[in-house]
Amino acid sequence: MKDDGILATKLHIPILRKYIVPRTRLSERLSEGLYRKVTLVSAPAGFGKTTLISEWLTVCKQEIAWFSIDQEDNDLTRFLTYLVLALQSISESIGDRILPLVRSSQSLPVETIMTYVVDEISTFQTPCILILDDLHVIQSEPIYDAIHFLIEYMPSEMHLVISTRETKKLRLSSLRVRDQITELRAEDLQFNKSETERFMNHTMGLTLEPEEVHLLESRTEGWIAGLQLAALSMRNSTDYHEFIRSFSGNHHLVLDYLLEEVLKKQPKPIQNFLLRTAVLDRMCGSLCDALSENELERDYGTGQDILEYLERINLFIIPLDNDRYWYRYHHLFSDLLRHRLLRCSTTRVPVLHIQASKWYEMKGLFIEAFHHASEANDIDRAARLLEGDGMPLHLRGATAPVLHWLESLDRSILDDRPNLWVTYASTLTVSGHPISNVEEKLRMAELALQQKESSEEKSDLTGHVSAIRAMLAIPKNDAEAIKIHSKCALELLRPDNLSIRTSATWTLGFAYQLKCDYKLASKAYTEAIASAKATDNLLITIAATICLGQVQEAELMLHSAKEKFKKVLQLAGDPPLPSTCEAYFGMARLLYQWNRLDEAEEYGQLGVRLALKLETIDTPAACYVLLARIKLAQKDNNRAASYIEQAKEFLHSRHPQYQMPELTEVQGLLLLSRGQFTAADKLTEKPNDTNTIIRSRVLWAQGKTTEARKLLELMLQKMDRKRQKYEVLKILVIKAAILQTDHKIEASLQILEEALKLAEPGGYIRLFADEGEPMRQLLKEAHVRGWMPSYTSQLLSAGDVQQDTQISSTKSLVEPLTKRELQVLQLIAQGLSNDEIGKQLYLALDTVKGHNRRIFGKLQVRRRTEAVARARELGLF
């Protein structure tokens, strides 16, 4: 989609036409309104909205991003893609990570994507202006939601200019109340008497008397398109006064009349050129040549020659780049030419569309080629182009036109081409439609496929159906369904159908992970990552890498898991993509186990913020639960209780019936720490593994150690020790601690030895430290006996030390620096920028800036150099 020629028509400021009349009074109003958020230029067609803005920008000394909107931009993905590309004219780095996300086959909430667009805009160093030209062609509500989000949250460095014929979908009242909008309407854009005189006599080369100018101005009401058409007609008139006197009627009737007059004055070959090129939204010389039908036109030269001739005579044609390569007609002129073309010959229109489609296909512009094929109602050609040469068009940001076309087809056409039913279902999935709608199309596809003989295409389409069903089963965590559909897809899909095979490989790995078959899950994820990288599928790369890290974590390979999560954080961007929330959450879990509680809390907070931007059931709640564990480890029961309440509120708001085992466990730990044994016991009414652990802890706290051990032993007997390694390790640690309180030292040491062997490679600390004094006594004995001396020494030293203990020399500060703040301070001393510090520590830029503010506050300094000097005085390095 990112073709330089097409971009020139959408993302460049239109070239000023030489018949322009300077609108100084309006330019000044536009400049005066820059302190407000928005400028709205709203008027019917032909009032010079785009020309006015273009003129103003030639004297406006700010960075400019221009987005000329057309009908095809009603697709949210396409709109957001071009919006980001337009912003790249201000900063080339913007959107490097957003564009893959926007174009991905997995939909995200509008607010999520726009949050990252706004965050990237906030990195601009100088004031800038974004122009959305011809917004009236947009009818999509999600796109207006994106625009309203941008208006609400865009930074003060940006000013938004909107050009439109209508404003009914824009929410303007709050902007007006807050004096945040400048509005120019039709009455503002109308030519006054002096502008009309200058335009008619100087620009258009006529010699009208003052009273004739006044009469023409009143007849046209200053309507610029009407004045231009009148001037073109009067060039061939001998009696200006009589022409102006008879010039009456409303705009559309006048325009229709004058078009007849203007067109009749053109040679037949030029008339023919205008009519046949009317099917084009934009045109260049070679494209016009591809539509050539008349040998007589060659007397006027090539298509490029005719375009330049039309520009010279000011015949409603607008150049779209400095090289005069791409052009378009004035919208009203184009509409009326198309109307006339249909009146002349209905059979001619499809032929012209097919010729345009062939030209675009030859240039590799498949979305535009598909548009013209669908306009020509060439089903076979449109269906073939829809495949997009290996990457279907609905995965390239063309969901709206694809859906519009598919919805327009008779069922008989779809039944005859089952691939269209499959594409229909896939497009609905990408667009976020309900599962029931997708399933309906999948059933139609299967019925249609039953009528077809066996072939490679039938097999591939059946595989695609299964791949879609595997994706639909993921939100339900239905491991068996995901596995069955994924395997079926991989068996049936063609080897070269990489985009769908990548998706099916990832979903298969997810099924294995849900079943705790980690070896097969790892194999599937590794394959999915390799394939996703080959096809530039960022979201599958992120998702599969996170899942691989989770598998390694479950296998007690914490250091390997850390590398996977770190890899995702490198892909996350700044600000990080919301899909990376599980990587931040994973890092928080690892840091918690390594007893780095301050850092764990920091990553957990980041995980929550990102997860809240996604439509997910439990990830934010799971982050809150982990944060509660951290606070329990820091003996801050009140904060722990607060996080527990946040988790409960979130789950109730999203999924009232959902029960999270981890939440039940941490609730039980909090109640036990407060001595509320009865309340903790009530949490265990519904039998499951988590409740059994809490129940055993309640019995332990009540001195019923034998009963507590029996519950844990029953759990161990039911577990698969090869697959449920972490669960086994956790129970062994608890059981060893219970045996120690029962003075069964040898038995407890025997279990502890097994636990240490499992835990040492991953470096687990909190798992042991959370069991308090009984575990500390056991570890002392193990250390005396020489068991893993380095590891047991590390565990013992962590038992009584709070993670937020600062270096002793910082005690002279009113508030000591945390370990993370000391890390940031060390990097400041090394001369690293905020951005470099963020990349090294895998932190968002705003997080680094927040650390800087707190460091400066604690050290009572204002600058980096002062902070480093003060730190050296205190001996912090």
# chains A, B, ... in the order shown; residues from 1 in each chain; ligands from 1
>>> residues_around(residues="segment 158-174 of chain A", least_positions_apart="3", cutoff="8 Å", atoms="only C-alpha atoms", output="CSV table (one decimal) with N, CA, C and O atoms, in the first residue's frame")
chain,number,residue,atom,x,y,z
A,34,LEU,N,-4.4,29.3,16.1
A,34,LEU,CA,-3.5,28.2,16.4
A,34,LEU,C,-3.4,27.8,17.9
A,34,LEU,O,-2.9,26.7,18.2
A,36,ARG,N,-5.7,27.4,19.8
A,36,ARG,CA,-6.8,26.4,20.1
A,36,ARG,C,-6.4,25.0,19.6
A,36,ARG,O,-5.4,24.9,18.9
A,37,LYS,N,-7.2,24.0,20.0
A,37,LYS,CA,-6.8,22.7,19.6
A,37,LYS,C,-7.1,22.4,18.1
A,37,LYS,O,-6.3,21.8,17.4
A,38,VAL,N,-8.3,22.9,17.7
A,38,VAL,CA,-8.8,22.5,16.4
A,38,VAL,C,-9.2,23.7,15.5
A,38,VAL,O,-9.7,24.7,16.1
A,39,THR,N,-9.0,23.5,14.2
A,39,THR,CA,-9.6,24.5,13.2
A,39,THR,C,-10.5,23.7,12.3
A,39,THR,O,-10.0,22.6,11.8
A,40,LEU,N,-11.7,24.1,12.2
A,40,LEU,CA,-12.7,23.4,11.3
A,40,LEU,C,-13.0,24.3,10.1
A,40,LEU,O,-13.4,25.5,10.3
A,41,VAL,N,-12.8,23.8,8.9
A,41,VAL,CA,-13.2,24.6,7.7
A,41,VAL,C,-14.3,23.7,7.0
A,41,VAL,O,-14.0,22.7,6.5
A,42,SER,N,-15.5,24.2,7.2
A,42,SER,CA,-16.7,23.4,6.7
A,42,SER,C,-17.5,24.2,5.7
A,42,SER,O,-18.0,25.3,6.1
A,43,ALA,N,-17.7,23.7,4.5
A,43,ALA,CA,-18.5,24.4,3.5
A,43,ALA,C,-18.8,23.3,2.4
A,43,ALA,O,-18.1,22.3,2.3
A,44,PRO,N,-19.9,23.6,1.6
A,44,PRO,CA,-20.2,22.7,0.5
A,44,PRO,C,-19.0,22.7,-0.5
A,44,PRO,O,-18.1,23.4,-0.4
A,45,ALA,N,-19.2,21.8,-1.5
A,45,ALA,CA,-18.2,21.6,-2.5
A,45,ALA,C,-18.0,22.9,-3.3
A,45,ALA,O,-19.0,23.7,-3.5
A,49,LYS,N,-12.1,25.1,0.1
A,49,LYS,CA,-11.6,24.7,1.4
A,49,LYS,C,-10.1,24.3,1.4
A,49,LYS,O,-9.2,24.8,2.1
A,50,THR,N,-9.8,23.3,0.5
A,50,THR,CA,-8.5,22.8,0.4
A,50,THR,C,-7.5,23.9,-0.1
A,50,THR,O,-6.4,24.0,0.4
A,121,ILE,N,3.2,11.2,19.1
A,121,ILE,CA,3.1,12.6,18.8
A,121,ILE,C,3.8,13.5,19.9
A,121,ILE,O,4.4,14.5,19.6
A,127,PRO,N,6.3,22.6,17.4
A,127,PRO,CA,4.8,22.6,17.0
A,127,PRO,C,4.6,22.1,15.6
A,127,PRO,O,5.4,22.3,14.7
A,128,CYS,N,3.4,21.5,15.5
A,128,CYS,CA,3.1,20.9,14.2
A,128,CYS,C,1.6,20.9,13.9
A,128,CYS,O,0.8,21.2,14.8
A,129,ILE,N,1.2,20.8,12.7
A,129,ILE,CA,-0.2,20.8,12.2
A,129,ILE,C,-0.5,19.6,11.5
A,129,ILE,O,0.2,19.2,10.5
A,130,LEU,N,-1.6,18.9,11.8
A,130,LEU,CA,-2.1,17.8,11.1
A,130,LEU,C,-3.4,18.2,10.4
A,130,LEU,O,-4.3,18.7,11.0
A,131,ILE,N,-3.5,18.0,9.1
A,131,ILE,CA,-4.6,18.3,8.3
A,131,ILE,C,-5.3,17.1,7.8
A,131,ILE,O,-4.7,16.2,7.2
A,132,LEU,N,-6.6,17.0,8.2
A,132,LEU,CA,-7.5,15.9,7.7
A,132,LEU,C,-8.4,16.5,6.6
A,132,LEU,O,-9.4,17.2,7.0
A,133,ASP,N,-8.1,16.3,5.3
A,133,ASP,CA,-8.8,16.9,4.2
A,133,ASP,C,-9.9,16.0,3.7
A,133,ASP,O,-9.7,14.9,3.5
A,134,ASP,N,-11.1,16.6,3.5
A,134,ASP,CA,-12.3,15.9,3.0
A,134,ASP,C,-12.7,14.8,4.0
A,134,ASP,O,-13.0,13.7,3.6
A,135,LEU,N,-12.9,15.1,5.2
A,135,LEU,CA,-13.3,14.2,6.2
A,135,LEU,C,-14.7,13.7,6.0
A,135,LEU,O,-15.1,12.7,6.5
A,136,HIS,N,-15.5,14.5,5.3
A,136,HIS,CA,-16.9,14.1,5.1
A,136,HIS,C,-17.1,12.8,4.4
A,136,HIS,O,-18.2,12.2,4.5
A,144,TYR,N,-14.3,7.9,13.5
A,144,TYR,CA,-14.7,9.1,14.2
A,144,TYR,C,-14.3,8.9,15.7
A,144,TYR,O,-13.9,9.9,16.4
A,148,HIS,N,-11.9,11.6,17.6
A,148,HIS,CA,-12.3,12.2,18.9
A,148,HIS,C,-11.3,11.9,20.0
A,148,HIS,O,-11.0,12.8,20.8
A,151,ILE,N,-8.4,14.2,19.3
A,151,ILE,CA,-8.7,15.6,19.7
A,151,ILE,C,-8.6,15.8,21.3
A,151,ILE,O,-8.1,16.7,21.8
A,154,MET,N,-4.6,14.7,22.3
A,154,MET,CA,-3.3,15.1,21.6
A,154,MET,C,-2.6,16.2,22.4
A,154,MET,O,-3.2,17.1,23.0
A,155,PRO,N,-1.3,16.2,22.3
A,155,PRO,CA,-0.5,17.1,23.1
A,155,PRO,C,-0.6,18.5,22.6
A,155,PRO,O,-1.0,18.8,21.4
A,177,VAL,N,-17.5,25.1,23.9
A,177,VAL,CA,-17.7,25.6,25.3
A,177,VAL,C,-16.3,25.9,25.9
A,177,VAL,O,-16.2,26.9,26.6
A,178,ARG,N,-15.3,25.1,25.6
A,178,ARG,CA,-14.0,25.4,26.1
A,178,ARG,C,-13.1,26.3,25.3
A,178,ARG,O,-11.9,26.5,25.5
>>> closest_atom_pairs(of="segment 624-728 of chain A", to="segment 578-588 of chain A", cutoff="10 Å", atoms="only C-alpha atoms", output="tab-separated table")
residue	atom	partner	partner_atom	distance
A:Leu626	CA	A:Ala588	CA	8.0
A:Leu627	CA	A:Ala588	CA	8.8
A:Ile630	CA	A:Ala588	CA	9.7
>>> write_last_selection(atoms="all heavy atoms", output="short mmCIF file (atom, residue, chain, number, x, y, z; two decimals), in the first residue's frame")
data_model
loop_
_atom_site.label_atom_id
_atom_site.label_comp_id
_atom_site.auth_asym_id
_atom_site.auth_seq_id
_atom_site.Cartn_x
_atom_site.Cartn_y
_atom_site.Cartn_z
N LEU A 626 -0.27 -10.32 41.92
CA LEU A 626 1.18 -10.36 42.13
C LEU A 626 1.65 -9.16 42.94
O LEU A 626 2.50 -9.29 43.83
CB LEU A 626 1.91 -10.40 40.78
CG LEU A 626 3.44 -10.41 40.88
CD1 LEU A 626 3.94 -11.65 41.61
CD2 LEU A 626 4.07 -10.32 39.49
N LEU A 627 1.10 -7.98 42.66
CA LEU A 627 1.47 -6.79 43.44
C LEU A 627 1.08 -6.97 44.90
O LEU A 627 1.80 -6.51 45.80
CB LEU A 627 0.78 -5.56 42.84
CG LEU A 627 1.30 -5.12 41.47
CD1 LEU A 627 0.38 -4.08 40.85
CD2 LEU A 627 2.71 -4.57 41.55
N ILE A 630 3.74 -9.04 46.51
CA ILE A 630 4.94 -8.23 46.78
C ILE A 630 4.76 -7.45 48.07
O ILE A 630 5.67 -7.38 48.91
CB ILE A 630 5.21 -7.29 45.59
CG1 ILE A 630 5.60 -8.11 44.36
CG2 ILE A 630 6.30 -6.28 45.94
CD1 ILE A 630 5.64 -7.30 43.07
#
>>> atom_distance(atom1="atom CA of Arg654 of chain A", atom2="atom CA of Tyr624 of chain A")
14.8 Å
>>> residues_around(residues="Phe124 of chain A", least_positions_apart="4", cutoff="10 Å", atoms="only C-alpha atoms", output="list in words")
Glu63, Ile90, Ser91, Ile94, Asp119, Glu120, Cys128, Pro155, Glu157 and Met158 of chain A
>>> write_last_selection(atoms="N, CA and C atoms", output="short mmCIF file (atom, residue, chain, number, x, y, z; two decimals), in the first residue's frame")
data_model
loop_
_atom_site.label_atom_id
_atom_site.label_comp_id
_atom_site.auth_asym_id
_atom_site.auth_seq_id
_atom_site.Cartn_x
_atom_site.Cartn_y
_atom_site.Cartn_z
N GLU A 63 5.74 22.57 11.24
CA GLU A 63 5.81 21.26 10.57
C GLU A 63 4.39 20.84 10.18
N ILE A 90 6.56 14.49 9.47
CA ILE A 90 7.11 15.33 10.53
C ILE A 90 8.28 14.63 11.21
N SER A 91 8.10 13.35 11.51
CA SER A 91 9.15 12.56 12.16
C SER A 91 9.16 11.18 11.55
N ILE A 94 8.29 7.97 13.71
CA ILE A 94 6.99 7.69 14.32
C ILE A 94 6.34 6.50 13.63
N ASP A 119 0.96 9.14 22.12
CA ASP A 119 2.24 9.11 22.85
C ASP A 119 3.41 9.42 21.93
N GLU A 120 3.36 8.92 20.70
CA GLU A 120 4.46 9.19 19.77
C GLU A 120 4.43 10.65 19.30
N CYS A 128 3.43 21.46 15.46
CA CYS A 128 3.11 20.87 14.16
C CYS A 128 1.60 20.94 13.92
N PRO A 155 -1.25 16.16 22.33
CA PRO A 155 -0.45 17.12 23.11
C PRO A 155 -0.59 18.53 22.56
N GLU A 157 1.56 20.47 21.50
CA GLU A 157 2.43 20.77 20.35
C GLU A 157 1.70 20.60 19.03
N MET A 158 0.57 19.88 19.02
CA MET A 158 -0.13 19.60 17.76
C MET A 158 -1.40 20.43 17.64
#
>>> atom_distance(atom1="atom CA of Ala600 of chain A", atom2="atom CA of Cys516 of chain A")
25.6 Å
>>> closest_residue(among="A:Ser455, A:Gln139, A:Ser426, A:Asn477", to="Arg494 of chain A", atoms="only C-alpha atoms")
A:Ser455
>>> select_by_dssp(residues="segment 767-806 of chain A", states="helix (DSSP H, G or I)", output="MDAnalysis selection string")
chainID A and resid 767:769 772:784 789:799
>>> write_last_selection(atoms="C-alpha atoms", output="PDB file, in the first residue's frame")
ATOM      1  CA  LEU A 767       9.420 -19.431  47.331  1.00  0.00           C
ATOM      2  CA  PHE A 768      11.543 -20.314  50.388  1.00  0.00           C
ATOM      3  CA  ALA A 769      11.614 -16.907  52.096  1.00  0.00           C
ATOM      4  CA  GLY A 772       9.316 -17.646  57.267  1.00  0.00           C
ATOM      5  CA  GLU A 773      11.136 -18.950  60.340  1.00  0.00           C
ATOM      6  CA  PRO A 774      10.462 -22.707  59.922  1.00  0.00           C
ATOM      7  CA  MET A 775      12.129 -22.619  56.502  1.00  0.00           C
ATOM      8  CA  ARG A 776      14.964 -20.452  57.841  1.00  0.00           C
ATOM      9  CA  GLN A 777      15.754 -23.060  60.514  1.00  0.00           C
ATOM     10  CA  LEU A 778      15.778 -25.812  57.882  1.00  0.00           C
ATOM     11  CA  LEU A 779      18.059 -23.836  55.594  1.00  0.00           C
ATOM     12  CA  LYS A 780      20.481 -23.233  58.467  1.00  0.00           C
ATOM     13  CA  GLU A 781      20.733 -26.974  59.036  1.00  0.00           C
ATOM     14  CA  ALA A 782      21.158 -27.638  55.310  1.00  0.00           C
ATOM     15  CA  HIS A 783      23.919 -25.027  55.183  1.00  0.00           C
ATOM     16  CA  VAL A 784      25.695 -26.599  58.174  1.00  0.00           C
ATOM     17  CA  PRO A 789      26.443 -23.765  50.339  1.00  0.00           C
ATOM     18  CA  SER A 790      26.338 -20.852  47.925  1.00  0.00           C
ATOM     19  CA  TYR A 791      22.601 -21.237  47.249  1.00  0.00           C
ATOM     20  CA  THR A 792      21.587 -21.881  50.889  1.00  0.00           C
ATOM     21  CA  SER A 793      23.679 -18.896  51.997  1.00  0.00           C
ATOM     22  CA  GLN A 794      21.836 -16.726  49.469  1.00  0.00           C
ATOM     23  CA  LEU A 795      18.469 -17.999  50.719  1.00  0.00           C
ATOM     24  CA  LEU A 796      19.398 -17.381  54.347  1.00  0.00           C
ATOM     25  CA  SER A 797      20.551 -13.818  53.670  1.00  0.00           C
ATOM     26  CA  ALA A 798      17.243 -13.056  51.967  1.00  0.00           C
ATOM     27  CA  GLY A 799      15.132 -14.320  54.815  1.00  0.00           C
TER      28      GLY A 799
END
>>> select_by_dssp(residues="segment 161-354 of chain A", states="strand (DSSP E or B)", output="VMD selection string")
chain A and resid 161 to 164 181 to 184 283 317 to 319 327 to 329
>>> write_last_selection(atoms="N, CA and C atoms", output="CSV table (one decimal), in the first residue's frame")
chain,number,residue,atom,x,y,z
A,161,VAL,N,-6.4,20.4,11.9
A,161,VAL,CA,-7.2,21.2,11.0
A,161,VAL,C,-8.1,20.1,10.2
A,162,ILE,N,-9.4,20.4,10.2
A,162,ILE,CA,-10.3,19.5,9.5
A,162,ILE,C,-11.0,20.2,8.4
A,163,SER,N,-11.0,19.7,7.2
A,163,SER,CA,-11.7,20.2,6.1
A,163,SER,C,-12.8,19.2,5.7
A,164,THR,N,-14.1,19.7,5.7
A,164,THR,CA,-15.2,18.8,5.5
A,164,THR,C,-16.4,19.5,4.9
A,181,ILE,N,-11.9,25.6,19.6
A,181,ILE,CA,-12.0,25.4,18.1
A,181,ILE,C,-12.3,26.7,17.4
A,182,THR,N,-11.6,26.8,16.3
A,182,THR,CA,-11.9,28.0,15.3
A,182,THR,C,-12.6,27.4,14.2
A,183,GLU,N,-13.8,28.1,13.8
A,183,GLU,CA,-14.6,27.5,12.7
A,183,GLU,C,-14.7,28.6,11.6
A,184,LEU,N,-14.5,28.1,10.4
A,184,LEU,CA,-14.8,28.8,9.2
A,184,LEU,C,-15.8,28.1,8.4
A,283,MET,N,-5.1,10.2,-11.2
A,283,MET,CA,-4.6,9.7,-12.5
A,283,MET,C,-3.2,10.3,-12.8
A,317,ILE,N,-8.8,20.6,-12.7
A,317,ILE,CA,-7.8,19.6,-12.4
A,317,ILE,C,-6.8,20.0,-11.4
A,318,ILE,N,-6.4,19.2,-10.5
A,318,ILE,CA,-5.6,19.6,-9.4
A,318,ILE,C,-4.3,18.7,-9.4
A,319,PRO,N,-3.1,19.3,-9.5
A,319,PRO,CA,-1.9,18.5,-9.4
A,319,PRO,C,-1.6,18.1,-8.0
A,327,TYR,N,-2.5,13.6,-10.6
A,327,TYR,CA,-3.6,14.6,-10.7
A,327,TYR,C,-4.9,14.0,-10.2
A,328,ARG,N,-5.8,14.9,-9.9
A,328,ARG,CA,-7.2,14.5,-9.7
A,328,ARG,C,-8.1,15.6,-10.1
A,329,TYR,N,-9.3,15.3,-10.5
A,329,TYR,CA,-10.3,16.3,-10.8
A,329,TYR,C,-10.9,16.9,-9.6
>>> residues_around(residues="Leu57 of chain A", least_positions_apart="6", cutoff="9 Å", atoms="only C-alpha atoms", output="ChimeraX atom specification")
/A:13,27,64
>>> atom_distance(atom1="atom CA of Ala640 of chain A", atom2="atom CA of Leu663 of chain A")
11.5 Å
